[in-house]
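> Attaching a single structure in structure tokens format; questions to follow.
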Amino acid sequence: MMVQEGIVAELTEMAELLKILGEPMRLAILALLQERELSVTAITKLLQASQPNTSQHLRKLRSAGLIRETKRGQFVYYSLNLEEYPDLKIFLSQLPGRATRLNELAQLTMYDDTDE
């Protein structure tokens, strides 16, 4: 019976992860962060979203343990935290639009990548 409960708990955890990944905006954020760490300002600009909307999605991703935040002075930067999810790294590497993301990231200015 204990084995069954363990399996159910693992399946429940996986279902929650898939629910989080089922939101296109969150997938887009993860796709950007697989390239490099970014500030809220940069993510908001790149996704052409509102800052509150971006922050809400970042909170959910952070709560799920998929990203981490690092504070440097007054700025907060986000990066992937996928050590526990090696298969997710592979999945993210297959998302469409990588060339476009890399081009957009290359065009970010220093100002765009700070939370001013």
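Residues in the structure tokens are numbered from 1 in each chain, the chains being A, B, ... in the order shown, and ligands are numbered from 1 in the order shown.
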Go through chain A and collect every residue that DSSP, computed from the backbone, puts in alpha helix (DSSP H); the answer should be as an NGL selection string.
:A and (2-21 or 24-33 or 40-47 or 51-63 or 86-93 or 98-106)
> Please return as a count of residues only: the residues of chain A that backbone DSSP assigns to strand (DSSP E).
14
> Compare A:Gln94, A:Gln107, A:Thr70, A:Asn81 by their minimum atom-to-atom distance to A:Leu33, counting only C-alpha atoms, and give me the closest one.
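When distances to A:Leu33 are compared using only C-alpha atoms, the smallest one comes from A:Asn81.
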> Between atom CA of A:Ser39 and atom CA of A:Leu17, what distance in Å does the model show, to one decimal?
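Between these atoms lies a distance of 23.2 Å.
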> Please provide as a list in words all residues within 12 Å of A:Arg98, with the sequence filter that same-chain residues fewer than 4 positions apart are discarded (counting only C-alpha atoms).
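Close residues of A:Arg98: Ala28, Leu30, Ala31, Leu32, Leu33, Gln34, Glu35, Leu92, Ser93, Gln94, Leu102, Asn103, Glu104 and Leu105 of chain A.
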> Got time to write the residues from that selection, N, CA and C atoms, as a compact mmCIF listing (two decimals), in the first residue's frame?

```txt
# COMPACT_ATOMS: atom_id res chain seq x y z
N ALA A 28 7.38 30.37 -22.61
CA ALA A 28 8.19 31.40 -23.25
C ALA A 28 9.26 31.93 -22.29
N LEU A 30 10.60 30.28 -19.74
CA LEU A 30 11.60 29.22 -19.59
C LEU A 30 12.51 29.15 -20.82
N ALA A 31 11.92 29.34 -22.00
CA ALA A 31 12.71 29.31 -23.24
C ALA A 31 13.75 30.43 -23.22
N LEU A 32 13.36 31.62 -22.79
CA LEU A 32 14.32 32.73 -22.70
C LEU A 32 15.41 32.43 -21.67
N LEU A 33 15.00 31.91 -20.53
CA LEU A 33 15.96 31.67 -19.46
C LEU A 33 16.90 30.50 -19.74
N GLN A 34 16.55 29.66 -20.70
CA GLN A 34 17.49 28.59 -21.04
C GLN A 34 18.70 29.18 -21.78
N GLU A 35 18.53 30.38 -22.32
CA GLU A 35 19.63 31.03 -23.04
C GLU A 35 20.55 31.80 -22.09
N LEU A 92 12.78 21.70 -23.32
CA LEU A 92 12.94 23.13 -23.61
C LEU A 92 13.84 23.39 -24.81
N SER A 93 14.84 22.54 -24.98
CA SER A 93 15.74 22.72 -26.11
C SER A 93 15.03 22.49 -27.45
N GLN A 94 13.87 21.85 -27.41
CA GLN A 94 13.12 21.56 -28.63
C GLN A 94 12.04 22.60 -28.94
N LEU A 102 17.37 34.18 -29.72
CA LEU A 102 18.78 34.57 -29.65
C LEU A 102 19.00 35.94 -30.27
N ASN A 103 18.32 36.22 -31.37
CA ASN A 103 18.43 37.52 -32.03
C ASN A 103 17.90 38.63 -31.11
N GLU A 104 16.74 38.39 -30.49
CA GLU A 104 16.16 39.39 -29.59
C GLU A 104 17.04 39.61 -28.36
N LEU A 105 17.60 38.54 -27.82
CA LEU A 105 18.50 38.67 -26.67
C LEU A 105 19.75 39.47 -27.03
```
> Please, what distance in Å, to one decimal, runs between atom CA of A:Phe75 and atom CA of A:Thr41?
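Atom CA of A:Phe75 sits 9.8 Å away from atom CA of A:Thr41.
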> Take atom CA of A:Glu83 and atom CA of A:Thr100 and report the distance between them in Å, one decimal.
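That distance, rounded to one decimal, is 25.9 Å.
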> Excluding A:Thr44 and any residue of its chain fewer than 5 positions from it, enumerate the residues within 10 Å of it, using only C-alpha atoms, and give them as a list in words.
Ile29, Leu38, Ser39, Ala49, Ser50, Gln51, Pro52, Asn53, Thr54, Ser55, Asp112 and Asp113 of chain A
> Write the residues of the selection above to a file with N, CA and C atoms, as an mmCIF file, in the first residue's frame.

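The result, stored in part-v7.cif:
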```
data_model
loop_
_atom_site.group_PDB
_atom_site.id
_atom_site.type_symbol
_atom_site.label_atom_id
_atom_site.label_comp_id
_atom_site.auth_asym_id
_atom_site.auth_seq_id
_atom_site.Cartn_x
_atom_site.Cartn_y
_atom_site.Cartn_z
ATOM 1 N N ILE A 29 8.894 32.122 -21.036
ATOM 2 C CA ILE A 29 9.864 32.581 -20.039
ATOM 3 C C ILE A 29 10.968 31.548 -19.870
ATOM 4 N N LEU A 38 18.000 36.598 -16.853
ATOM 5 C CA LEU A 38 17.405 37.877 -17.265
ATOM 6 C C LEU A 38 16.676 38.526 -16.104
ATOM 7 N N SER A 39 16.523 39.826 -16.211
ATOM 8 C CA SER A 39 15.740 40.580 -15.223
ATOM 9 C C SER A 39 14.270 40.573 -15.632
ATOM 10 N N ALA A 49 4.881 41.936 -22.636
ATOM 11 C CA ALA A 49 3.847 41.687 -21.627
ATOM 12 C C ALA A 49 3.894 42.807 -20.594
ATOM 13 N N SER A 50 2.908 42.822 -19.738
ATOM 14 C CA SER A 50 2.931 43.794 -18.640
ATOM 15 C C SER A 50 3.837 43.257 -17.531
ATOM 16 N N GLN A 51 4.401 44.180 -16.767
ATOM 17 C CA GLN A 51 5.280 43.772 -15.677
ATOM 18 C C GLN A 51 4.533 42.950 -14.629
ATOM 19 N N PRO A 52 3.302 43.330 -14.219
ATOM 20 C CA PRO A 52 2.581 42.500 -13.243
ATOM 21 C C PRO A 52 2.310 41.077 -13.755
ATOM 22 N N ASN A 53 1.959 40.962 -15.028
ATOM 23 C CA ASN A 53 1.696 39.643 -15.611
ATOM 24 C C ASN A 53 2.971 38.802 -15.621
ATOM 25 N N THR A 54 4.077 39.407 -16.029
ATOM 26 C CA THR A 54 5.351 38.694 -16.048
ATOM 27 C C THR A 54 5.732 38.250 -14.645
ATOM 28 N N SER A 55 5.588 39.141 -13.678
ATOM 29 C CA SER A 55 5.940 38.824 -12.292
ATOM 30 C C SER A 55 5.095 37.684 -11.738
ATOM 31 N N ASP A 112 17.916 47.584 -20.774
ATOM 32 C CA ASP A 112 16.792 46.654 -20.869
ATOM 33 C C ASP A 112 16.931 45.496 -19.891
ATOM 34 N N ASP A 113 18.133 45.205 -19.472
ATOM 35 C CA ASP A 113 18.350 44.041 -18.629
ATOM 36 C C ASP A 113 18.575 44.414 -17.163
#
```
> Go through A:Ile20, A:Leu11, A:Met25, A:Leu46 one by one, measure the shortest atom-to-atom distance of each to A:Ala106 using only C-alpha atoms, and give the residue with the smallest value.
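So, comparing all the options, the nearest one is A:Leu46.
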> Using only C-alpha atoms, which of the listed residues (A:Leu18, A:Leu80, A:Leu27, A:Val3) sits closest to A:Leu47?
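Closest candidate: A:Leu27.
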> Point out the residue among A:Lys71, A:Gly97, A:Ala9, A:Leu66 with the least atom-to-atom distance to A:Val40, counting only C-alpha atoms.
A:Lys71
> I'd like the contact shell of A:Glu37 - 7 Å cut-off, only C-alpha atoms, skipping same-chain residues fewer than 5 positions apart - returned as a ChimeraX atom specification.
/A:77-79
> Can you work out which one of A:Ala64, A:Glu69, A:Phe91, A:Gln74 has the shortest atom-to-atom distance to A:Lys19, counting only C-alpha atoms?
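Checking each candidate against A:Lys19, we get A:Ala64 as the closest.
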